[in-house]
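Enquirer: Structure supplied as my_file_16.cif; contents: mmCIF, C-alpha atoms.
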data_work
#
loop_
_atom_site.label_atom_id
_atom_site.label_comp_id
_atom_site.auth_asym_id
_atom_site.auth_seq_id
_atom_site.Cartn_x
_atom_site.Cartn_y
_atom_site.Cartn_z
CA MET A 1 9.73 20.60 8.89
CA THR A 2 8.10 18.96 11.84
CA SER A 3 5.42 21.42 12.75
CA THR A 4 5.38 24.24 10.24
CA GLU A 5 2.39 22.85 8.40
CA GLN A 6 0.52 21.95 11.55
CA ASN A 7 -2.22 24.22 12.76
CA ILE A 8 -2.99 23.33 16.34
CA ASP A 9 -4.85 25.39 18.91
CA GLU A 10 -2.63 25.83 21.99
CA ARG A 11 -5.44 24.83 24.34
CA LEU A 12 -5.56 21.39 22.71
CA ILE A 13 -1.87 20.50 22.69
CA THR A 14 -1.68 18.92 26.14
CA ILE A 15 -4.84 16.90 25.52
CA LEU A 16 -3.66 15.57 22.17
CA ARG A 17 -0.22 14.78 23.57
CA GLN A 18 -1.82 12.16 25.79
CA VAL A 19 -3.08 10.15 22.84
CA SER A 20 -0.57 7.58 21.67
CA ASP A 21 -0.20 5.24 18.73
CA PRO A 22 -1.86 1.96 19.79
CA GLU A 23 0.92 -0.02 18.07
CA ILE A 24 3.71 2.03 19.65
CA PRO A 25 2.32 3.16 23.01
CA VAL A 26 5.37 5.28 23.90
CA LEU A 27 4.86 7.49 20.89
CA SER A 28 2.38 10.36 21.15
CA ILE A 29 0.40 11.01 17.98
CA MET A 30 1.65 14.58 18.21
CA ASP A 31 5.27 13.44 18.01
CA MET A 32 4.38 11.11 15.18
CA GLY A 33 3.05 14.03 13.14
CA VAL A 34 -0.30 12.48 12.23
CA VAL A 35 -2.31 15.40 13.66
CA ARG A 36 -2.28 18.03 10.95
CA SER A 37 -4.66 20.51 12.46
CA ALA A 38 -6.88 20.97 15.51
CA VAL A 39 -8.98 24.07 15.82
CA ILE A 40 -12.01 25.08 17.88
CA GLU A 41 -14.93 26.32 15.82
CA ASP A 42 -18.22 27.22 17.52
CA GLY A 43 -17.29 25.13 20.52
CA ILE A 44 -16.55 22.05 18.45
CA VAL A 45 -13.02 20.80 17.95
CA LYS A 46 -12.18 19.94 14.36
CA VAL A 47 -9.22 17.63 14.06
CA GLU A 48 -7.52 16.56 10.85
CA ILE A 49 -5.37 13.45 10.96
CA THR A 50 -3.43 11.78 8.19
CA PRO A 51 -2.55 8.08 7.96
CA THR A 52 1.05 6.93 8.11
CA TYR A 53 0.23 4.09 5.70
CA SER A 54 -3.04 3.74 3.75
CA GLY A 55 -3.81 0.39 5.32
CA CYS A 56 -2.77 1.33 8.84
CA PRO A 57 -5.44 -0.28 11.05
CA ALA A 58 -4.45 2.04 13.90
CA MET A 59 -6.08 5.06 12.28
CA ASP A 60 -9.62 4.17 13.36
CA VAL A 61 -8.44 3.59 16.91
CA ILE A 62 -6.46 6.84 16.90
CA GLY A 63 -9.57 8.72 15.74
CA ASP A 64 -11.63 7.18 18.56
CA ASP A 65 -8.91 7.86 21.13
CA ILE A 66 -8.73 11.53 20.13
CA LYS A 67 -12.50 11.83 20.38
CA ASN A 68 -12.48 10.28 23.85
CA ALA A 69 -9.56 12.38 25.11
CA LEU A 70 -11.29 15.54 23.94
CA LYS A 71 -14.59 14.41 25.43
CA ASP A 72 -12.90 13.90 28.81
CA ALA A 73 -11.64 17.46 28.54
CA GLY A 74 -15.16 18.69 27.83
CA TYR A 75 -14.95 19.12 24.06
CA GLN A 76 -17.14 17.76 21.31
CA SER A 77 -15.16 16.91 18.21
CA ASP A 78 -15.19 16.01 14.54
CA ILE A 79 -12.32 13.93 13.23
CA ASP A 80 -11.42 14.13 9.56
CA LEU A 81 -9.02 11.85 7.75
CA ILE A 82 -7.03 13.74 5.13
CA LEU A 83 -4.66 12.30 2.54
CA HIS A 84 -2.92 15.42 1.33
CA PRO A 85 -0.13 16.22 1.94
CA ALA A 86 0.98 12.62 2.41
CA TRP A 87 2.61 11.76 5.71
CA THR A 88 6.39 11.47 5.80
CA THR A 89 8.76 10.20 8.48
CA ASP A 90 10.23 13.74 8.52
CA TRP A 91 7.21 14.72 10.58
CA ILE A 92 8.30 12.55 13.50
CA THR A 93 9.69 15.02 16.05
CA PRO A 94 13.14 14.61 17.71
CA ARG A 95 11.29 13.68 20.88
CA GLY A 96 9.36 11.05 18.91
CA ARG A 97 12.57 9.61 17.46
CA LYS A 98 14.04 9.30 20.91
CA ALA A 99 10.89 7.58 22.18
CA LEU A 100 11.14 5.09 19.32
CA GLU A 101 14.80 4.31 20.05
CA ASP A 102 14.13 3.91 23.78
CA TYR A 103 11.30 1.54 22.95
CA GLY A 104 13.64 -0.64 20.88
CA ILE A 105 12.68 0.53 17.40
CA ALA A 106 15.45 2.02 15.26
CA ALA A 107 14.36 5.45 14.02
CA PRO A 108 14.21 6.12 10.27
CA LEU A 109 17.33 7.36 8.49
CA ASP A 110 17.11 9.80 5.60
CA ALA A 111 15.84 8.63 2.20
CA GLU A 112 19.21 7.91 0.57
CA ALA A 113 20.53 6.01 3.56
CA ASP A 114 17.24 4.14 3.80
CA LYS A 115 17.69 2.84 0.27
CA ASP A 116 21.15 1.55 1.12
CA VAL A 117 19.77 -0.06 4.24
CA LEU A 118 16.86 -1.79 2.58
CA LEU A 119 18.94 -2.98 -0.34
CA ASN A 120 21.44 -4.23 2.22
CA ASN A 121 24.25 -2.15 0.71
CA LYS A 122 25.47 -0.52 3.91
CA ARG A 123 25.38 -1.35 7.55
CA ILE A 124 24.24 1.83 9.21
CA VAL A 125 21.21 0.90 11.28
CA LYS A 126 22.35 0.71 14.88
CA CYS A 127 21.22 -2.15 17.09
CA THR A 128 18.76 -0.74 19.62
CA ASN A 129 20.06 -3.19 22.21
CA CYS A 130 23.87 -2.88 22.07
CA GLY A 131 24.45 0.01 19.65
CA SER A 132 26.51 -2.07 17.20
CA GLN A 133 26.30 -1.20 13.50
CA ASN A 134 26.93 -4.80 12.59
CA THR A 135 23.27 -5.42 11.82
CA ARG A 136 21.51 -7.22 9.03
CA LEU A 137 18.19 -6.75 7.26
CA VAL A 138 15.97 -9.77 7.82
CA SER A 139 12.96 -8.53 5.88
CA GLN A 140 11.77 -5.28 4.34
CA PHE A 141 8.41 -5.90 5.95
CA GLY A 142 7.96 -6.12 9.70
CA SER A 143 5.35 -6.56 12.38
CA THR A 144 3.42 -3.52 11.15
CA ALA A 145 3.26 -1.74 7.79
CA CYS A 146 5.70 0.95 8.90
CA LYS A 147 8.55 -1.30 10.02
CA ALA A 148 11.28 -3.56 8.63
CA GLN A 149 12.92 -6.41 10.54
CA PHE A 150 16.59 -6.33 11.50
CA GLN A 151 18.90 -8.49 13.54
CA CYS A 152 22.14 -7.56 15.31
CA GLU A 153 25.05 -9.80 14.25
CA ASP A 154 26.91 -9.05 17.51
CA CYS A 155 24.33 -9.47 20.27
CA GLN A 156 21.87 -11.40 18.04
CA GLU A 157 18.97 -9.25 19.18
CA PRO A 158 16.17 -8.97 16.60
CA PHE A 159 14.64 -5.50 16.35
CA ASP A 160 12.38 -3.31 14.23
CA TYR A 161 13.49 -0.46 12.01
CA PHE A 162 10.97 2.30 11.31
CA LYS A 163 11.10 2.63 7.52
CA CYS A 164 11.80 5.99 6.00
CA LEU A 165 8.80 7.26 4.03
CA LYS A 166 9.11 10.34 1.86
CA MET B 167 -25.05 9.21 -12.71
CA LYS B 168 -23.43 12.48 -13.67
CA LYS B 169 -19.85 11.43 -13.32
CA GLU B 170 -20.15 7.90 -14.60
CA ASN B 171 -16.83 7.91 -16.40
CA LEU B 172 -14.96 9.03 -13.31
CA TYR B 173 -16.77 6.45 -11.20
CA ASN B 174 -15.90 3.64 -13.60
CA TYR B 175 -12.36 4.91 -13.88
CA ILE B 176 -11.84 4.77 -10.11
CA LEU B 177 -13.32 1.28 -9.97
CA GLY B 178 -10.92 0.13 -12.65
CA ILE B 179 -7.95 1.24 -10.55
CA ALA B 180 -9.35 0.07 -7.24
CA ASP B 181 -10.40 -3.39 -8.43
CA ASN B 182 -6.82 -4.25 -9.39
CA SER B 183 -5.66 -3.50 -5.87
CA LEU B 184 -8.65 -5.18 -4.26
CA ILE B 185 -8.26 -8.47 -6.10
CA LEU B 186 -4.48 -8.56 -5.78
CA GLY B 187 -4.81 -7.66 -2.10
CA GLN B 188 -7.14 -10.60 -1.61
CA ARG B 189 -4.72 -12.95 -3.40
CA MET B 190 -1.81 -11.83 -1.23
CA GLY B 191 -3.99 -12.09 1.85
CA GLU B 192 -4.60 -15.76 1.05
CA LEU B 193 -0.97 -16.36 2.02
CA CYS B 194 -1.62 -15.31 5.60
CA GLY B 195 -0.34 -18.24 7.63
CA HIS B 196 0.71 -20.05 4.43
CA GLY B 197 3.81 -18.14 3.34
CA PRO B 198 6.94 -20.23 2.69
CA SER B 199 8.71 -18.59 5.64
CA LEU B 200 7.65 -16.29 8.47
CA GLU B 201 9.30 -13.25 6.89
CA THR B 202 7.76 -13.75 3.45
CA ASP B 203 4.40 -14.53 5.03
CA ILE B 204 4.51 -11.20 6.86
CA ALA B 205 5.71 -9.41 3.73
CA CYS B 206 2.87 -10.76 1.58
CA THR B 207 0.24 -9.84 4.15
CA ASN B 208 1.82 -6.40 4.59
CA ILE B 209 1.52 -5.86 0.86
CA SER B 210 -2.06 -7.06 1.05
CA LEU B 211 -2.78 -4.60 3.86
CA ASP B 212 -1.26 -1.71 1.89
CA LEU B 213 -3.42 -2.60 -1.10
CA PHE B 214 -6.61 -2.86 0.95
CA GLY B 215 -5.81 0.50 2.55
CA GLN B 216 -5.45 2.05 -0.88
CA VAL B 217 -8.66 0.40 -2.01
CA ARG B 218 -10.56 2.05 0.83
CA SER B 219 -9.43 5.50 -0.27
CA TYR B 220 -10.57 4.79 -3.82
CA PHE B 221 -13.93 3.29 -2.85
CA GLN B 222 -14.69 6.05 -0.35
CA TYR B 223 -14.19 8.48 -3.19
CA ALA B 224 -16.26 6.35 -5.58
CA SER B 225 -19.04 6.19 -3.01
CA LYS B 226 -19.05 9.98 -2.77
CA ILE B 227 -19.26 10.27 -6.54
CA ALA B 228 -21.98 7.65 -6.90
CA GLY B 229 -23.98 9.64 -4.36
CA ASP B 230 -26.75 7.04 -4.29
CA GLY B 231 -26.22 5.72 -0.79
CA ARG B 232 -23.90 2.90 -1.76
CA THR B 233 -21.10 2.68 0.79
CA GLU B 234 -17.48 1.69 0.24
CA ASP B 235 -18.40 -1.78 1.51
CA ASP B 236 -21.28 -2.16 -0.94
CA ILE B 237 -19.03 -1.21 -3.82
CA ALA B 238 -16.19 -3.46 -2.72
CA MET B 239 -18.20 -6.48 -1.64
CA LEU B 240 -21.57 -6.62 -3.33
CA ARG B 241 -20.90 -6.55 -7.03
CA LYS B 242 -21.16 -9.59 -9.27
CA GLU B 243 -18.23 -11.10 -11.13
CA ARG B 244 -18.95 -9.31 -14.39
CA GLU B 245 -18.98 -5.97 -12.61
CA TYR B 246 -15.37 -6.23 -11.44
CA LYS B 247 -13.02 -4.45 -13.84
CA ASN B 248 -9.63 -5.72 -12.67
CA VAL B 249 -7.07 -6.99 -15.16
CA LEU B 250 -6.80 -10.76 -15.55
CA LEU B 251 -3.23 -10.75 -14.22
CA VAL B 252 -4.13 -9.94 -10.62
CA GLU B 253 -6.76 -12.67 -10.27
CA GLN B 254 -4.38 -15.48 -11.22
CA PRO B 255 -4.01 -18.00 -8.38
CA ASN B 256 -1.09 -18.54 -5.98
CA THR B 257 -0.05 -21.70 -7.81
CA ASP B 258 3.31 -21.68 -6.05
CA PHE B 259 5.58 -19.01 -4.62
CA ALA B 260 7.10 -18.31 -8.04
CA TYR B 261 3.64 -17.54 -9.44
CA THR B 262 2.79 -15.35 -6.45
CA LEU B 263 5.94 -13.29 -6.91
CA GLY B 264 5.83 -13.32 -10.69
CA ARG B 265 2.31 -11.92 -10.60
CA GLN B 266 3.30 -9.36 -7.98
CA PHE B 267 6.38 -8.28 -9.92
CA LEU B 268 4.59 -7.97 -13.27
CA PHE B 269 1.91 -5.87 -11.61
CA ASP B 270 4.19 -3.79 -9.35
CA VAL B 271 6.29 -2.46 -12.22
CA TYR B 272 3.09 -1.31 -13.94
CA HIS B 273 1.47 -0.09 -10.73
CA LEU B 274 4.42 2.10 -9.76
CA ALA B 275 4.67 3.70 -13.20
CA PHE B 276 0.89 4.22 -13.24
CA LEU B 277 0.80 5.90 -9.84
CA LYS B 278 3.69 8.20 -10.70
CA GLU B 279 1.56 9.48 -13.59
CA LEU B 280 -1.63 9.60 -11.53
CA GLN B 281 0.14 11.98 -9.14
CA LYS B 282 -0.17 14.55 -11.91
CA SER B 283 -3.94 14.10 -12.23
CA THR B 284 -6.02 17.26 -12.25
CA ASP B 285 -8.41 15.48 -9.89
CA LEU B 286 -7.03 16.47 -6.49
CA THR B 287 -8.41 13.46 -4.62
CA LEU B 288 -6.89 11.02 -7.08
CA SER B 289 -3.54 12.78 -7.05
CA ALA B 290 -3.53 12.79 -3.23
CA ILE B 291 -4.28 9.05 -3.15
CA ALA B 292 -1.54 8.47 -5.72
CA ASN B 293 0.96 10.49 -3.67
CA LYS B 294 0.25 8.25 -0.73
CA CYS B 295 0.25 4.96 -2.65
CA VAL B 296 3.40 5.57 -4.66
CA LYS B 297 5.50 5.44 -1.51
CA GLU B 298 4.05 2.11 -0.48
CA VAL B 299 4.15 0.54 -3.91
CA SER B 300 7.83 1.37 -4.36
CA TYR B 301 8.46 -0.98 -1.43
CA HIS B 302 6.36 -3.67 -3.09
CA GLU B 303 8.27 -3.31 -6.33
CA ARG B 304 11.61 -3.52 -4.54
CA PHE B 305 10.48 -6.63 -2.69
CA SER B 306 9.14 -8.50 -5.71
CA SER B 307 12.06 -7.52 -7.99
CA ASP B 308 14.54 -8.77 -5.39
CA TRP B 309 12.78 -12.09 -5.19
CA ILE B 310 12.66 -12.50 -8.96
CA LYS B 311 16.45 -12.11 -9.03
CA ARG B 312 16.93 -14.37 -6.05
CA LEU B 313 14.83 -17.20 -7.43
CA GLY B 314 15.83 -16.72 -11.08
CA ASP B 315 19.51 -16.68 -10.23
CA GLY B 316 19.10 -19.29 -7.50
CA THR B 317 19.09 -23.05 -7.75
CA GLU B 318 18.26 -25.03 -10.86
CA GLU B 319 14.82 -25.77 -9.48
CA SER B 320 14.00 -22.21 -8.41
CA LYS B 321 15.14 -20.91 -11.78
CA GLN B 322 12.98 -23.38 -13.66
CA LYS B 323 9.92 -22.56 -11.53
CA MET B 324 10.45 -18.82 -11.80
CA GLN B 325 10.83 -19.04 -15.57
CA GLU B 326 7.69 -21.14 -15.88
CA ALA B 327 5.66 -18.65 -13.84
CA ILE B 328 6.89 -15.67 -15.86
CA ASN B 329 6.17 -17.50 -19.12
CA ASP B 330 2.64 -18.36 -18.01
CA LEU B 331 1.79 -14.94 -16.62
CA TRP B 332 3.29 -13.05 -19.55
CA THR B 333 0.13 -13.54 -21.57
CA TYR B 334 -1.75 -11.25 -19.15
CA THR B 335 0.66 -8.30 -19.32
CA ASP B 336 -0.54 -6.66 -22.53
CA GLU B 337 -3.99 -5.99 -21.08
CA LEU B 338 -2.47 -3.55 -18.59
CA PHE B 339 -2.05 -1.11 -21.47
CA HIS B 340 -5.52 -1.39 -22.98
CA GLN B 341 -7.77 1.64 -22.69
CA THR B 342 -11.42 1.44 -21.74
CA ASP B 343 -13.96 4.10 -22.69
CA ALA B 344 -13.74 5.52 -19.19
CA ASP B 345 -9.93 5.63 -19.55
CA LYS B 346 -10.13 7.59 -22.78
CA ALA B 347 -12.63 10.05 -21.38
CA MET B 348 -10.56 10.63 -18.26
CA VAL B 349 -7.32 11.05 -20.20
CA ALA B 350 -9.04 13.68 -22.33
CA GLU B 351 -10.00 15.57 -19.18
CA GLY B 352 -6.51 15.43 -17.71
CA ILE B 353 -7.74 13.23 -14.88
CA GLY B 354 -6.66 9.81 -16.07
CA VAL B 355 -3.35 8.23 -17.04
CA ASP B 356 -2.71 7.31 -20.65
CA VAL B 357 -1.63 3.72 -20.07
CA THR B 358 -0.66 3.17 -23.69
CA LYS B 359 2.29 5.48 -23.04
CA LEU B 360 3.56 3.32 -20.19
CA LYS B 361 3.97 0.21 -22.28
CA GLU B 362 7.40 0.70 -23.77
CA ASN B 363 9.09 1.55 -20.47
CA TYR B 364 7.26 -1.26 -18.76
CA TYR B 365 8.66 -3.97 -20.98
CA SER B 366 12.14 -2.51 -20.81
CA ASP B 367 12.03 -2.25 -16.99
CA VAL B 368 10.68 -5.77 -16.66
CA SER B 369 13.27 -7.12 -19.10
CA GLN B 370 16.08 -5.50 -17.16
CA VAL B 371 15.11 -7.31 -13.97
CA LEU B 372 14.58 -10.61 -15.80
CA GLU B 373 18.02 -10.33 -17.36
CA LYS B 374 19.61 -9.65 -13.99
CA ALA B 375 17.74 -12.70 -12.76
CA THR B 376 19.30 -14.69 -15.63
CA LEU B 377 15.80 -15.47 -16.89
CA GLN B 378 14.59 -15.45 -20.48
CA VAL B 379 12.30 -12.63 -21.52
CA PRO B 380 9.25 -14.34 -23.08
CA VAL B 381 8.59 -13.48 -26.71
CA SER B 382 4.94 -14.51 -27.04
CA LYS B 383 2.79 -12.37 -29.28
CA TYR B 384 -0.46 -13.84 -28.02
CA PHE B 385 -2.12 -12.09 -25.14
CA GLN B 386 -5.27 -12.56 -23.06
CA LYS B 387 -7.66 -9.73 -22.36
CA GLY B 388 -11.15 -9.13 -21.05
CA GLY B 389 -10.82 -8.28 -17.37
CA LYS B 390 -11.31 -4.58 -17.95
CA GLN B 391 -14.62 -5.42 -19.63
CA GLY B 392 -15.65 -7.79 -16.85
CA ILE B 393 -14.88 -10.99 -18.76
CA HIS B 394 -12.73 -12.90 -16.29
CA THR B 395 -10.83 -16.15 -16.04
CA GLU B 396 -12.47 -18.95 -14.08
CA HIS B 397 -10.41 -18.05 -11.00
CA LEU B 398 -12.21 -14.83 -10.11
CA GLY B 399 -15.53 -16.43 -9.11
CA TYR B 400 -13.86 -18.55 -6.46
CA LEU B 401 -11.89 -15.60 -5.16
CA LEU B 402 -15.05 -13.50 -4.89
CA SER B 403 -16.97 -16.16 -3.02
CA ASP B 404 -14.22 -16.03 -0.42
CA LEU B 405 -13.92 -12.24 -0.43
CA GLN B 406 -17.66 -11.63 -0.19
CA TYR B 407 -18.52 -14.40 2.24
CA MET B 408 -18.67 -12.27 5.40
CA GLN B 409 -20.59 -9.43 3.80
CA ARG B 410 -23.16 -11.76 2.28
CA THR B 411 -23.54 -13.90 5.38
CA TYR B 412 -23.69 -10.97 7.80
CA PRO B 413 -25.04 -8.11 5.67
CA ASN B 414 -24.12 -4.50 6.44
CA MET B 415 -20.85 -5.24 8.20
CA GLU B 416 -18.42 -2.33 7.98
CA TRP B 417 -14.65 -2.19 7.41
#
As structure tokens - that is how I would like this structure written.
Expert:
Amino acid sequence: MTSTEQNIDERLITILRQVSDPEIPVLSIMDMGVVRSAVIEDGIVKVEITPTYSGCPAMDVIGDDIKNALKDAGYQSDIDLILHPAWTTDWITPRGRKALEDYGIAAPLDAEADKDVLLNNKRIVKCTNCGSQNTRLVSQFGSTACKAQFQCEDCQEPFDYFKCLK
Amino acid sequence: MKKENLYNYILGIADNSLILGQRMGELCGHGPSLETDIACTNISLDLFGQVRSYFQYASKIAGDGRTEDDIAMLRKEREYKNVLLVEQPNTDFAYTLGRQFLFDVYHLAFLKELQKSTDLTLSAIANKCVKEVSYHERFSSDWIKRLGDGTEESKQKMQEAINDLWTYTDELFHQTDADKAMVAEGIGVDVTKLKENYYSDVSQVLEKATLQVPVSKYFQKGGKQGIHTEHLGYLLSDLQYMQRTYPNMEW
């Protein structure tokens, strides 16, 4: 699920782990699942990345960051943006989900639950501050394309929910 | 150009998203509340992102050195093939949402079909977009119900917007020559087949919103042929300003 479709040369894993999402600095792009393949061909690293959302402005920065990280490690690289297969929140690793939660962003639920959440049918998104389930959807759209806005009815803390995308 | 039909077909799809994206972007800093302001600009961002994928592909097909920016920013009014619906102005919030809703229902159905395209790039773009557009459709449908079934004033404004915009809905289902050629090749979507479901889906939401479904038989058309309403020229002068003032800027 998380890594079966990824094709990443072992020598590159530690380097790519250091690159993080500029919008969510605690989250490595590897844990986010946007790196689909990274292989070394004739001394040049070919990396394929896929956008989380079409309009995600972070993609250009992520591409540059990968290039720079690889350059620091002595590699030349070509970065390719691929659209197929389309990114899904399933590709966020368990480690990535934990990093999101620790950072104060509620991690995505599964698709069915997500529908309930965004239609405000059920209260199942836990407050990242106090853990209460007594939370309310403020808006389906949040500070970035991938998030929705929530507020905790108990501690009043506003927080982001990472929308489920399948 | 060898693949002229495909090129024109992609532009037809992309221009809808480009022009609607620009309209939604106009609300940046002007939305009626912070949350709706962010929502409208998020939708705008999604649409612009999708547009880039389409224009990058169109640029590859054109193969004459025109970049995605040239195609997006440097055409004249008559060369834009978007439907008239998406260029209609943000008269008030009811118009903004009415336009969004009437387009989203179509857009979602269209993309679901485009996923089956035999053109692998187009189906990959559609796979990506369909996920985003389902959020748009949920957002705009919710607001139609909220305003339609809201106060006396919100209901009256929502009804007025739907009545006015209704005249632009039929054009969504008109086929251009490029459409026909692409349908024949299994690449394009036969929009005429989407019509029946569209009106029933739209009517369902309007009924839930306690709004009247308009019954007009008179519809406007022309956008797909480049004959636009007076609003598009103003929109383009805004959209193209940076590119024309500082030529060769990139996304």
Enquirer: Might you pull out every residue within 9 Å of segment 8-24 of chain A, with only C-alpha atoms counted and same-chain residues fewer than 3 positions away left off, and present them as a list of chain:residue names?
Expert: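 Near neighbours after the sequence-gap exclusion: A:Leu27, A:Ser28, A:Ile29, A:Met30, A:Asp31, A:Met32, A:Val35, A:Arg36, A:Ser37, A:Ala38, A:Val39, A:Ile40, A:Val45, A:Val47, A:Ala58, A:Met59, A:Val61, A:Ile62, A:Asp65, A:Ile66, A:Ala69, A:Leu70, A:Ala73, A:Leu100, A:Tyr103, A:Thr144.
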Enquirer: In Å, how far is it from atom CA of Leu250 of chain B to atom CA of Val299 of chain B?
Expert: 19.6 Å
Enquirer: Per residue of chain A within 8 Å of chain B, what are the shortest atom pair and its distance in Å to one decimal, counting only C-alpha atoms, with rows by chain and residue number, as a Markdown table?
Expert:
| residue | atom | partner | partner_atom | distance |
| --- | --- | --- | --- | --- |
| A:Tyr53 | CA | B:Asp212 | CA | 7.1 |
| A:Ser54 | CA | B:Gly215 | CA | 4.4 |
| A:Gly55 | CA | B:Gly215 | CA | 3.4 |
| A:Cys56 | CA | B:Gly215 | CA | 7.0 |
| A:Leu83 | CA | B:Ala290 | CA | 5.9 |
| A:His84 | CA | B:Ala290 | CA | 5.3 |
| A:Pro85 | CA | B:Ala290 | CA | 7.1 |
| A:Ala86 | CA | B:Lys294 | CA | 5.4 |
| A:Trp87 | CA | B:Lys294 | CA | 7.7 |
| A:Val138 | CA | B:Glu201 | CA | 7.6 |
| A:Ser139 | CA | B:Glu201 | CA | 6.1 |
| A:Gln140 | CA | B:Phe305 | CA | 7.3 |
| A:Phe141 | CA | B:Ala205 | CA | 5.0 |
| A:Gly142 | CA | B:Ile204 | CA | 6.8 |
| A:Ser143 | CA | B:Ile204 | CA | 7.3 |
| A:Thr144 | CA | B:Asn208 | CA | 7.3 |
| A:Ala145 | CA | B:Asn208 | CA | 5.8 |
| A:Leu165 | CA | B:Lys297 | CA | 6.7 |
| A:Lys166 | CA | B:Lys297 | CA | 7.0 |
Enquirer: Given the PyMOL selection byres ((chain B and resi 345-349) around 10) and the file above, list the residues it selects as a VMD selection string.
Expert: chain B and resid 171 to 172 174 to 176 178 283 285 340 to 344 350 to 357
Enquirer: Store the residues of this selection in a file with C-alpha atoms, as an mmCIF file, in the coordinates of the input.
Expert:
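The result, stored in result.cif:
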data_model
loop_
_atom_site.group_PDB
_atom_site.id
_atom_site.type_symbol
_atom_site.label_atom_id
_atom_site.label_comp_id
_atom_site.auth_asym_id
_atom_site.auth_seq_id
_atom_site.Cartn_x
_atom_site.Cartn_y
_atom_site.Cartn_z
ATOM 1 C CA ASN B 171 -16.830 7.910 -16.400
ATOM 2 C CA LEU B 172 -14.960 9.030 -13.310
ATOM 3 C CA ASN B 174 -15.900 3.640 -13.600
ATOM 4 C CA TYR B 175 -12.360 4.910 -13.880
ATOM 5 C CA ILE B 176 -11.840 4.770 -10.110
ATOM 6 C CA GLY B 178 -10.920 0.130 -12.650
ATOM 7 C CA SER B 283 -3.940 14.100 -12.230
ATOM 8 C CA ASP B 285 -8.410 15.480 -9.890
ATOM 9 C CA HIS B 340 -5.520 -1.390 -22.980
ATOM 10 C CA GLN B 341 -7.770 1.640 -22.690
ATOM 11 C CA THR B 342 -11.420 1.440 -21.740
ATOM 12 C CA ASP B 343 -13.960 4.100 -22.690
ATOM 13 C CA ALA B 344 -13.740 5.520 -19.190
ATOM 14 C CA ALA B 350 -9.040 13.680 -22.330
ATOM 15 C CA GLU B 351 -10.000 15.570 -19.180
ATOM 16 C CA GLY B 352 -6.510 15.430 -17.710
ATOM 17 C CA ILE B 353 -7.740 13.230 -14.880
ATOM 18 C CA GLY B 354 -6.660 9.810 -16.070
ATOM 19 C CA VAL B 355 -3.350 8.230 -17.040
ATOM 20 C CA ASP B 356 -2.710 7.310 -20.650
ATOM 21 C CA VAL B 357 -1.630 3.720 -20.070
#
Enquirer: Running the PyMOL selection byres ((chain A and resi 132) around 12) on this model by hand, what would come out? Give it as JSON, numbers by chain.
Expert: {"A": [106, 123, 124, 125, 126, 127, 128, 129, 130, 131, 133, 134, 135, 136, 151, 152, 153, 154, 155, 156, 157]}
Enquirer: If I take atom CA of Ser307 of chain B and atom CA of Met324 of chain B, how far is one from the other in Å, to one decimal?
Expert: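 Interatomic distance here is 12.0 Å.
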Enquirer: Go ahead and compute the interatomic distance for atom CA of Phe259 of chain B and atom CA of Asn329 of chain B, in Å to one decimal.
Expert: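 A separation of 14.6 Å between them.
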Enquirer: Quick one: of B:Val249, B:Leu372, B:Leu274, B:Leu186, who's nearest to Leu338 of chain B, counting only C-alpha atoms?
Expert: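 Closest residue, counting only C-alpha atoms: B:Val249.
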